[in-house]
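Raw contents of target-v9.txt, compact mmCIF, C-alpha atoms:
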```txt
# COMPACT_ATOMS: atom_id res chain seq x y z
CA MET A 1 106.04 167.09 56.97
CA SER A 2 107.73 164.91 59.57
CA GLN A 3 105.96 162.90 62.24
CA HIS A 4 105.33 164.77 65.49
CA PRO A 5 102.98 164.17 68.42
CA PRO A 6 99.37 165.14 67.67
CA VAL A 7 97.72 168.19 69.20
CA PRO A 8 94.39 167.37 70.92
CA LEU A 9 91.50 168.89 68.93
CA GLY A 10 88.63 166.38 69.00
CA THR A 11 86.39 164.50 71.40
CA PHE A 12 87.16 160.77 71.25
CA PRO A 13 86.15 158.01 71.08
CA THR A 14 83.10 158.90 69.01
CA PRO A 15 80.04 156.72 69.58
CA VAL A 16 78.87 153.81 67.46
CA GLU A 17 75.08 153.63 67.14
CA PRO A 18 72.72 150.97 65.75
CA ALA A 19 70.60 151.85 62.70
CA PRO A 20 67.92 149.11 62.60
CA ARG A 21 65.30 150.98 60.53
CA LEU A 22 67.85 152.01 57.93
CA ALA A 23 69.21 148.44 57.90
CA ALA A 24 65.73 147.06 57.17
CA ALA A 25 65.20 149.60 54.37
CA LEU A 26 68.50 148.51 52.80
CA GLY A 27 67.66 144.80 53.04
CA LEU A 28 69.91 144.01 56.01
CA GLY A 29 69.09 142.44 59.36
CA PRO A 30 68.10 144.74 62.26
CA ASP A 31 71.42 144.23 64.04
CA ASP A 32 73.61 144.33 60.91
CA LEU A 33 74.13 148.07 60.44
CA TRP A 34 75.86 150.52 62.78
CA VAL A 35 77.00 154.12 62.37
CA LYS A 36 80.33 155.53 63.57
CA ARG A 37 79.46 159.10 64.53
CA ASP A 38 82.57 160.95 63.42
CA ASP A 39 80.28 163.88 62.71
CA LEU A 40 80.41 164.30 66.51
CA THR A 41 84.14 164.95 66.86
CA GLY A 42 83.47 168.32 68.48
CA LEU A 43 85.52 171.17 67.08
CA GLY A 44 84.08 173.55 64.51
CA GLY A 45 80.97 171.58 63.62
CA GLY A 46 82.66 168.17 63.70
CA GLY A 47 83.78 165.77 61.00
CA ASN A 48 86.51 163.35 60.03
CA LYS A 49 89.09 166.02 59.18
CA ILE A 50 89.68 166.70 62.88
CA ARG A 51 91.39 163.33 63.36
CA LYS A 52 93.82 164.23 60.55
CA LEU A 53 94.37 167.82 61.68
CA GLU A 54 95.49 166.65 65.11
CA TRP A 55 98.56 165.23 63.35
CA THR A 56 99.22 167.82 60.64
CA VAL A 57 98.68 170.79 62.94
CA GLY A 58 100.71 169.06 65.65
CA ALA A 59 103.61 168.92 63.18
CA ALA A 60 103.07 172.56 62.22
CA LEU A 61 103.25 173.67 65.86
CA ALA A 62 106.35 171.56 66.51
CA GLU A 63 108.05 173.25 63.57
CA GLY A 64 107.21 176.74 64.83
CA ALA A 65 104.40 177.74 62.47
CA ASP A 66 102.22 180.74 63.26
CA THR A 67 99.98 180.47 60.18
CA LEU A 68 98.13 177.54 58.63
CA VAL A 69 97.60 177.48 54.86
CA THR A 70 95.51 174.89 53.07
CA THR A 71 93.56 174.35 49.87
CA GLY A 72 90.17 173.09 48.77
CA ALA A 73 86.85 173.69 47.07
CA PRO A 74 84.66 176.59 48.27
CA GLN A 75 82.59 174.32 50.55
CA SER A 76 85.58 172.27 51.78
CA ASN A 77 84.99 170.63 55.17
CA HIS A 78 88.75 170.36 55.61
CA ALA A 79 89.18 174.11 55.07
CA ARG A 80 86.43 174.87 57.58
CA LEU A 81 88.00 172.67 60.25
CA THR A 82 91.49 174.03 59.56
CA ALA A 83 90.01 177.48 60.25
CA ALA A 84 88.47 176.19 63.47
CA ALA A 85 91.73 174.56 64.57
CA GLY A 86 93.59 177.82 63.94
CA ALA A 87 91.05 179.74 65.99
CA ARG A 88 91.37 177.33 68.93
CA LEU A 89 95.18 177.42 68.85
CA GLY A 90 95.66 181.13 68.18
CA LEU A 91 97.08 180.63 64.67
CA ASP A 92 96.35 182.70 61.58
CA VAL A 93 94.68 180.75 58.77
CA VAL A 94 94.66 181.40 55.02
CA LEU A 95 92.42 179.20 52.88
CA VAL A 96 93.33 178.95 49.19
CA LEU A 97 90.07 178.01 47.50
CA ARG A 98 89.19 177.15 43.93
CA GLY A 99 86.80 179.61 42.26
CA SER A 100 85.91 183.26 42.71
CA PRO A 101 84.28 185.29 45.49
CA GLY A 102 80.54 185.82 45.50
CA ALA A 103 79.38 182.43 44.26
CA SER A 104 78.16 181.41 47.71
CA HIS A 105 77.82 182.94 51.18
CA SER A 106 76.47 179.93 53.06
CA GLY A 107 77.58 176.63 54.53
CA ASN A 108 81.27 176.22 55.24
CA LEU A 109 82.14 179.61 53.76
CA ALA A 110 80.07 181.35 56.41
CA LEU A 111 81.79 179.38 59.16
CA ASN A 112 85.23 180.19 57.72
CA GLY A 113 84.40 183.86 58.22
CA LEU A 114 83.23 183.32 61.78
CA PHE A 115 86.46 181.51 62.61
CA GLY A 116 88.47 184.46 61.27
CA ALA A 117 90.13 182.75 58.32
CA ARG A 118 91.25 184.77 55.30
CA ILE A 119 90.48 183.44 51.83
CA ALA A 120 92.68 183.62 48.74
CA TRP A 121 90.61 182.80 45.66
CA ALA A 122 92.61 180.87 43.06
CA GLY A 123 90.16 181.05 40.16
CA GLU A 124 89.03 178.11 38.05
CA VAL A 125 92.22 176.06 38.35
CA ASP A 126 93.03 172.36 38.43
CA ARG A 127 94.78 170.65 41.35
CA ALA A 128 98.23 171.72 40.11
CA GLY A 129 97.04 175.31 39.80
CA LEU A 130 95.59 175.21 43.29
CA ASP A 131 98.88 173.88 44.69
CA ALA A 132 100.78 176.62 42.86
CA ALA A 133 98.49 179.28 44.29
CA ALA A 134 99.04 177.91 47.80
CA ALA A 135 102.82 177.93 47.31
CA GLU A 136 102.61 181.57 46.22
CA VAL A 137 100.56 182.47 49.30
CA CYS A 138 103.15 180.80 51.53
CA ALA A 139 105.95 182.73 49.81
CA ARG A 140 104.14 186.02 50.33
CA LEU A 141 103.57 185.20 54.00
CA ARG A 142 107.26 184.37 54.51
CA ALA A 143 108.22 187.66 52.85
CA ARG A 144 106.14 189.44 55.51
CA GLY A 145 107.90 187.57 58.31
CA ALA A 146 105.21 184.96 58.99
CA ARG A 147 105.95 181.25 59.48
CA PRO A 148 103.35 179.38 57.39
CA ALA A 149 102.74 175.65 57.38
CA LEU A 150 101.08 174.20 54.29
CA ILE A 151 98.50 171.60 55.30
CA PRO A 152 97.93 169.13 52.42
CA PHE A 153 94.80 169.02 50.24
CA GLY A 154 91.99 167.37 52.18
CA GLY A 155 94.30 167.14 55.17
CA SER A 156 95.51 163.81 53.79
CA SER A 157 99.04 162.45 54.17
CA THR A 158 100.66 159.45 55.80
CA PRO A 159 101.02 161.21 59.18
CA ALA A 160 97.42 162.45 58.97
CA ALA A 161 96.15 158.95 58.19
CA GLN A 162 97.37 157.95 61.66
CA GLY A 163 94.23 159.66 62.94
CA TYR A 164 92.16 156.98 61.25
CA VAL A 165 94.44 154.21 62.41
CA ASN A 166 93.35 155.38 65.85
CA CYS A 167 89.72 155.36 64.71
CA GLY A 168 90.20 151.78 63.55
CA ALA A 169 91.45 150.87 67.02
CA GLU A 170 88.27 152.39 68.50
CA LEU A 171 86.19 150.30 66.11
CA ARG A 172 87.95 147.06 67.05
CA GLU A 173 86.82 147.65 70.63
CA GLN A 174 83.34 148.91 69.77
CA LEU A 175 82.47 146.29 67.10
CA PRO A 176 84.82 143.31 67.42
CA ASP A 177 82.88 141.34 64.79
CA LEU A 178 82.94 144.13 62.18
CA ARG A 179 82.98 142.76 58.62
CA THR A 180 82.91 145.94 56.49
CA ALA A 181 83.37 149.64 57.24
CA VAL A 182 81.87 151.82 54.49
CA VAL A 183 83.39 155.28 54.07
CA ALA A 184 83.46 158.12 51.57
CA LEU A 185 86.70 158.19 49.55
CA GLY A 186 87.87 161.71 48.76
CA SER A 187 91.51 162.69 49.21
CA GLY A 188 92.34 159.22 50.57
CA GLY A 189 93.57 159.73 54.13
CA THR A 190 90.49 158.50 55.99
CA MET A 191 90.25 155.25 54.06
CA ALA A 192 94.03 154.80 54.26
CA GLY A 193 94.04 154.88 58.06
CA LEU A 194 91.11 152.48 58.27
CA VAL A 195 92.77 150.10 55.82
CA ALA A 196 95.97 150.19 57.86
CA ALA A 197 94.06 149.41 61.04
CA LEU A 198 91.40 146.97 59.80
CA GLY A 199 92.88 145.46 56.63
CA SER A 200 92.15 146.02 52.95
CA GLY A 201 89.29 143.53 52.85
CA SER A 202 87.39 145.17 55.69
CA VAL A 203 87.00 148.69 54.23
CA LEU A 204 84.77 149.71 51.33
CA GLY A 205 85.54 153.18 49.98
CA VAL A 206 82.98 155.03 47.85
CA ASP A 207 84.69 157.40 45.42
CA VAL A 208 83.23 160.94 45.54
CA GLY A 209 85.17 162.28 42.55
CA ALA A 210 87.68 164.47 44.38
CA LEU A 211 90.73 162.85 42.74
CA PRO A 212 91.29 161.14 39.38
CA ASP A 213 92.81 158.08 41.12
CA PRO A 214 91.89 158.01 44.81
CA ALA A 215 92.92 154.36 45.22
CA ALA A 216 96.53 155.30 44.45
CA ALA A 217 96.37 157.93 47.20
CA VAL A 218 95.09 155.33 49.68
CA VAL A 219 98.00 153.02 48.86
CA GLU A 220 100.53 155.87 49.20
CA PHE A 221 99.24 156.92 52.61
CA ALA A 222 98.48 153.48 54.05
CA ALA A 223 101.57 151.50 52.99
CA PRO A 224 103.95 152.99 55.59
CA LEU A 225 101.46 152.35 58.40
CA THR A 226 100.95 148.59 58.12
CA ALA A 227 102.85 145.38 57.46
CA GLU A 228 100.14 144.32 54.99
CA ARG A 229 101.09 144.76 51.34
CA ILE A 230 98.61 147.37 50.15
CA THR A 231 97.80 147.47 46.42
CA THR A 232 95.18 149.29 44.40
CA GLU A 233 93.90 145.92 43.17
CA GLY A 234 93.44 144.71 46.73
CA LEU A 235 91.32 147.69 47.81
CA ARG A 236 87.53 147.62 47.83
CA VAL A 237 86.54 150.80 45.98
CA ARG A 238 83.24 151.67 44.31
CA ARG A 239 83.40 154.29 41.56
CA ASP A 240 79.71 154.16 40.59
CA GLN A 241 78.48 157.15 42.63
CA VAL A 242 80.49 160.03 41.13
CA GLY A 243 77.82 160.83 38.55
CA ALA A 244 78.33 164.17 36.79
CA GLY A 245 81.12 165.10 39.19
CA TYR A 246 82.15 166.07 42.69
CA ALA A 247 79.78 169.05 42.99
CA ALA A 248 76.71 167.40 41.39
CA LEU A 249 73.71 166.05 43.28
CA THR A 250 72.79 162.71 41.70
CA GLY A 251 69.51 160.85 41.92
CA PRO A 252 70.91 157.97 44.00
CA VAL A 253 72.50 160.45 46.43
CA ALA A 254 69.24 162.39 46.81
CA ASP A 255 67.49 159.08 47.55
CA ALA A 256 70.18 158.23 50.11
CA LEU A 257 69.78 161.60 51.86
CA ARG A 258 66.03 161.03 52.11
CA LEU A 259 66.36 157.43 53.28
CA ALA A 260 68.84 158.11 56.09
CA ALA A 261 66.88 161.13 57.30
CA ARG A 262 63.49 159.38 57.32
CA THR A 263 64.58 156.09 58.87
CA GLU A 264 67.09 157.27 61.50
CA GLY A 265 66.94 161.08 61.62
CA LEU A 266 70.48 160.92 60.25
CA VAL A 267 71.53 163.95 58.21
CA LEU A 268 74.05 163.34 55.42
CA ASP A 269 75.70 165.77 53.01
CA PRO A 270 75.39 165.62 49.20
CA THR A 271 79.09 165.27 48.41
CA TYR A 272 80.62 162.76 50.83
CA THR A 273 78.32 160.89 53.19
CA GLY A 274 75.40 160.97 50.74
CA ARG A 275 77.54 159.25 48.12
CA ALA A 276 78.86 156.81 50.71
CA MET A 277 75.30 155.85 51.67
CA ALA A 278 74.31 155.49 48.01
CA GLY A 279 77.35 153.24 47.61
CA LEU A 280 76.35 151.17 50.63
CA ARG A 281 72.86 150.75 49.18
CA ALA A 282 74.31 149.63 45.85
CA ALA A 283 76.72 147.24 47.59
CA VAL A 284 73.81 145.53 49.37
CA ARG A 285 71.87 145.36 46.13
CA ASP A 286 74.69 143.64 44.22
CA GLY A 287 75.69 141.32 47.06
CA ASP A 288 79.02 142.87 48.06
CA ILE A 289 77.51 143.48 51.51
CA ARG A 290 75.18 140.75 52.74
CA PRO A 291 72.61 140.26 55.53
CA GLY A 292 74.04 138.62 58.62
CA GLU A 293 77.36 140.50 58.39
CA ARG A 294 78.19 143.34 60.76
CA THR A 295 78.48 146.49 58.63
CA LEU A 296 79.52 149.96 59.77
CA PHE A 297 78.78 153.26 58.04
CA VAL A 298 81.39 155.89 58.89
CA HIS A 299 79.57 159.22 59.20
CA THR A 300 82.35 161.68 58.38
CA GLY A 301 80.28 164.82 58.95
CA GLY A 302 79.86 167.62 56.43
CA LEU A 303 76.50 169.06 57.51
CA PRO A 304 77.49 172.70 56.73
CA GLY A 305 78.17 171.62 53.15
CA LEU A 306 74.50 170.68 52.79
CA PHE A 307 73.54 174.31 53.42
CA GLY A 308 76.06 175.48 50.82
CA HIS A 309 74.70 173.21 48.07
CA PRO A 310 71.80 174.90 46.22
CA ALA A 311 70.65 171.74 44.45
CA ALA A 312 70.50 169.79 47.71
CA ILE A 313 68.64 172.58 49.51
CA GLY A 314 66.20 172.81 46.63
CA PHE A 315 65.62 169.06 46.68
CA ALA A 316 65.11 168.98 50.45
CA THR A 317 62.74 171.95 50.39
CA GLU A 318 60.63 170.35 47.65
CA GLU A 319 60.29 167.28 49.88
CA THR A 320 58.30 169.28 52.44
CA ALA A 321 54.69 168.17 52.44
CA ALA A 322 51.83 170.49 53.38
CA PHE A 323 49.51 169.47 56.20
CA GLU A 324 46.02 169.12 54.84
CA GLY A 325 44.20 167.79 57.87
```
Whole structure, C-alpha cells version:
Amino acid sequence: MSQHPPVPLGTFPTPVEPAPRLAAALGLGPDDLWVKRDDLTGLGGGGNKIRKLEWTVGAALAEGADTLVTTGAPQSNHARLTAAAGARLGLDVVLVLRGSPGASHSGNLALNGLFGARIAWAGEVDRAGLDAAAAEVCARLRARGARPALIPFGGSSTPAAQGYVNCGAELREQLPDLRTAVVALGSGGTMAGLVAALGSGSVLGVDVGALPDPAAAVVEFAAPLTAERITTEGLRVRRDQVGAGYAALTGPVADALRLAARTEGLVLDPTYTGRAMAGLRAAVRDGDIRPGERTLFVHTGGLPGLFGHPAAIGFATEETAAFEG
C-alpha cells in the first residue's frame, strides 16, 4: 500500500500523566514514571491502533476503496477499531477472524456488531491460513463489484508506523528527558514508529506472543523511517512475559493488572498492556530500568478485551472483598 496523507480519526496529542504511587510500588522514584494515555485516542473506545489506521485507511480512501477488510484474533483491538473507522467514514467492513462463531459474545466482538462490521470466521488457522482467508474474502467482494482494501494484520506496516513516529514527536515535547518508553510488542508497528522517532536504545518492547519473531517486524517497518541502522540485535525486547501464549493470563500479568489498578486506578488488559506492565516490573527488578531515570509506560488501550477474556474476568471478580464492618 503506497504512502498517502492520513485521514483524521483520533484526538491528539494524548496526555502524559505522572504515576507516583505505581512508581513507588515498582521501586522507582516518585517522579520517574509517567503514562502516555493512548487509550484516550477517542474513536471506538480508543487505543493505539487509531494512529496506524489514520495512515492505512487514508491510503485505502485515496485508492478508491469502499470496503475495509482486515484480520485478527476474535478479541482483536485492531479489528474493533477498523470497524469503528469504517462506521465513521461510511465504509463497509469485513473482519476475517481466527476461530469459530459462538465462542464469545463480549468485549471487542460485541462492539464489532454495534459498529456494523461483518465477520468471516476462518477456523483454527495459522497466520498464513488467516491471510489466505482474507484474500478469498477480497476476491469475493471484487466479484460482487465492491472495492476492498486489505488492511494488514494488526494494522502494522511501514506507512502505519508513521502514526507512532508522530507519537514519538509528541513525547519529545511532553517529556524531553525521557530515557525509556515501555510498550507492548505485538505486530510490531507501534514499537517501530517509536524506535524511528526516539532511537533503538530508548524503547523497550515487551513481546506479547502475537508473532514468532516480532523484532524482525520492527526492523522491517522502522528501517525506512529513520537514518539510524536498525537491527534486531540493537532492539530492546523482553520475551519473558509470553507465558503459555498470547491468549493466556499469566501470574505476573494478573499481578500487574492488580498493581496498576490499585495504585493509580489504571485499567490494563490481559494481553497487551498487562504484559507490558509485567515486563516493566521485571525490567526494574533486573536493573534494565533504574531509579532516577525518566520512564514512560505507553498505555495502548484494549479495555474491551478485558471483558472478552474469561480468565481475567474470573480473576478480577475473585479479587472483590466483602465488607464485614
Closest atom pairs, segment 241-270 of chain A residues within 12 Å of segment 172-194 of chain A, all atoms listed in the file, as a Markdown table:
```
| residue | atom | partner | partner_atom | distance |
| --- | --- | --- | --- | --- |
| A:Gln241 | CA | A:Ala184 | CA | 10.3 |
| A:Val242 | CA | A:Leu185 | CA | 10.6 |
| A:Tyr246 | CA | A:Gly186 | CA | 9.4 |
| A:Leu268 | CA | A:Ala184 | CA | 11.4 |
| A:Asp269 | CA | A:Ala184 | CA | 11.0 |
| A:Pro270 | CA | A:Ala184 | CA | 11.3 |
```
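Distance-wise, atom CA of Leu68 of chain A and atom CA of Arg140 of chain A end up 13.3 Å apart.
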Would you mind listing what lies within 8 Å of Ala122 of chain A as a PyMOL selection string, with all atoms listed in the file counted and same-chain residues fewer than 6 positions away left out?
chain A and resi 96-100+129-130+133
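Computed from the coordinates, the atom CA of Arg285 of chain A to atom CA of Gly27 of chain A distance equals 8.1 Å.
Between atom CA of Leu9 of chain A and atom CA of Glu170 of chain A the interatomic distance comes to 16.8 Å.
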Closest atom pairs, residues of segment 63-169 of chain A within 12 Å of segment 52-56 of chain A, only C-alpha atoms, as a tab-separated table:
```
residue	atom	partner	partner_atom	distance
A:Glu63	CA	A:Thr56	CA	10.8
A:Ala65	CA	A:Thr56	CA	11.3
A:Leu68	CA	A:Thr56	CA	10.0
A:Val69	CA	A:Thr56	CA	11.4
A:Thr70	CA	A:Thr56	CA	11.0
A:Asn77	CA	A:Leu53	CA	11.8
A:His78	CA	A:Leu53	CA	8.7
A:Ala79	CA	A:Leu53	CA	10.5
A:Arg80	CA	A:Leu53	CA	11.4
A:Leu81	CA	A:Leu53	CA	8.1
A:Thr82	CA	A:Leu53	CA	7.2
A:Ala83	CA	A:Leu53	CA	10.7
A:Ala84	CA	A:Leu53	CA	10.4
A:Ala85	CA	A:Leu53	CA	7.8
A:Gly86	CA	A:Leu53	CA	10.3
A:Leu89	CA	A:Glu54	CA	11.4
A:Ala149	CA	A:Thr56	CA	9.2
A:Leu150	CA	A:Thr56	CA	9.2
A:Ile151	CA	A:Thr56	CA	6.6
A:Pro152	CA	A:Thr56	CA	8.4
A:Phe153	CA	A:Thr56	CA	11.4
A:Gly154	CA	A:Lys52	CA	9.1
A:Gly155	CA	A:Lys52	CA	6.1
A:Ser156	CA	A:Lys52	CA	7.0
A:Ser157	CA	A:Thr56	CA	8.4
A:Thr158	CA	A:Lys52	CA	9.6
A:Pro159	CA	A:Trp55	CA	6.3
A:Ala160	CA	A:Lys52	CA	4.3
A:Ala161	CA	A:Lys52	CA	6.2
A:Gln162	CA	A:Lys52	CA	7.3
A:Gly163	CA	A:Lys52	CA	5.2
A:Tyr164	CA	A:Lys52	CA	7.5
A:Val165	CA	A:Lys52	CA	10.2
A:Asn166	CA	A:Lys52	CA	10.3
A:Cys167	CA	A:Lys52	CA	10.6
```
Take the residues from that selection and write them out as an mmCIF file, keeping the file's coordinate frame, keeping C-alpha atoms.
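The file below, part.cif, is the result:
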```cif
data_model
loop_
_atom_site.group_PDB
_atom_site.id
_atom_site.type_symbol
_atom_site.label_atom_id
_atom_site.label_comp_id
_atom_site.auth_asym_id
_atom_site.auth_seq_id
_atom_site.Cartn_x
_atom_site.Cartn_y
_atom_site.Cartn_z
ATOM 1 C CA GLU A 63 108.050 173.250 63.570
ATOM 2 C CA ALA A 65 104.400 177.740 62.470
ATOM 3 C CA LEU A 68 98.130 177.540 58.630
ATOM 4 C CA VAL A 69 97.600 177.480 54.860
ATOM 5 C CA THR A 70 95.510 174.890 53.070
ATOM 6 C CA ASN A 77 84.990 170.630 55.170
ATOM 7 C CA HIS A 78 88.750 170.360 55.610
ATOM 8 C CA ALA A 79 89.180 174.110 55.070
ATOM 9 C CA ARG A 80 86.430 174.870 57.580
ATOM 10 C CA LEU A 81 88.000 172.670 60.250
ATOM 11 C CA THR A 82 91.490 174.030 59.560
ATOM 12 C CA ALA A 83 90.010 177.480 60.250
ATOM 13 C CA ALA A 84 88.470 176.190 63.470
ATOM 14 C CA ALA A 85 91.730 174.560 64.570
ATOM 15 C CA GLY A 86 93.590 177.820 63.940
ATOM 16 C CA LEU A 89 95.180 177.420 68.850
ATOM 17 C CA ALA A 149 102.740 175.650 57.380
ATOM 18 C CA LEU A 150 101.080 174.200 54.290
ATOM 19 C CA ILE A 151 98.500 171.600 55.300
ATOM 20 C CA PRO A 152 97.930 169.130 52.420
ATOM 21 C CA PHE A 153 94.800 169.020 50.240
ATOM 22 C CA GLY A 154 91.990 167.370 52.180
ATOM 23 C CA GLY A 155 94.300 167.140 55.170
ATOM 24 C CA SER A 156 95.510 163.810 53.790
ATOM 25 C CA SER A 157 99.040 162.450 54.170
ATOM 26 C CA THR A 158 100.660 159.450 55.800
ATOM 27 C CA PRO A 159 101.020 161.210 59.180
ATOM 28 C CA ALA A 160 97.420 162.450 58.970
ATOM 29 C CA ALA A 161 96.150 158.950 58.190
ATOM 30 C CA GLN A 162 97.370 157.950 61.660
ATOM 31 C CA GLY A 163 94.230 159.660 62.940
ATOM 32 C CA TYR A 164 92.160 156.980 61.250
ATOM 33 C CA VAL A 165 94.440 154.210 62.410
ATOM 34 C CA ASN A 166 93.350 155.380 65.850
ATOM 35 C CA CYS A 167 89.720 155.360 64.710
#
```
Could you check which residues have any atom within 12 Å of (75.3, 161.9, 39.8), counting only C-alpha atoms with coordinates taken straight from the file, and then list them as an MDAnalysis selection string?
chainID A and resid 207:209 239:255 270:271 274:275 278:279 311
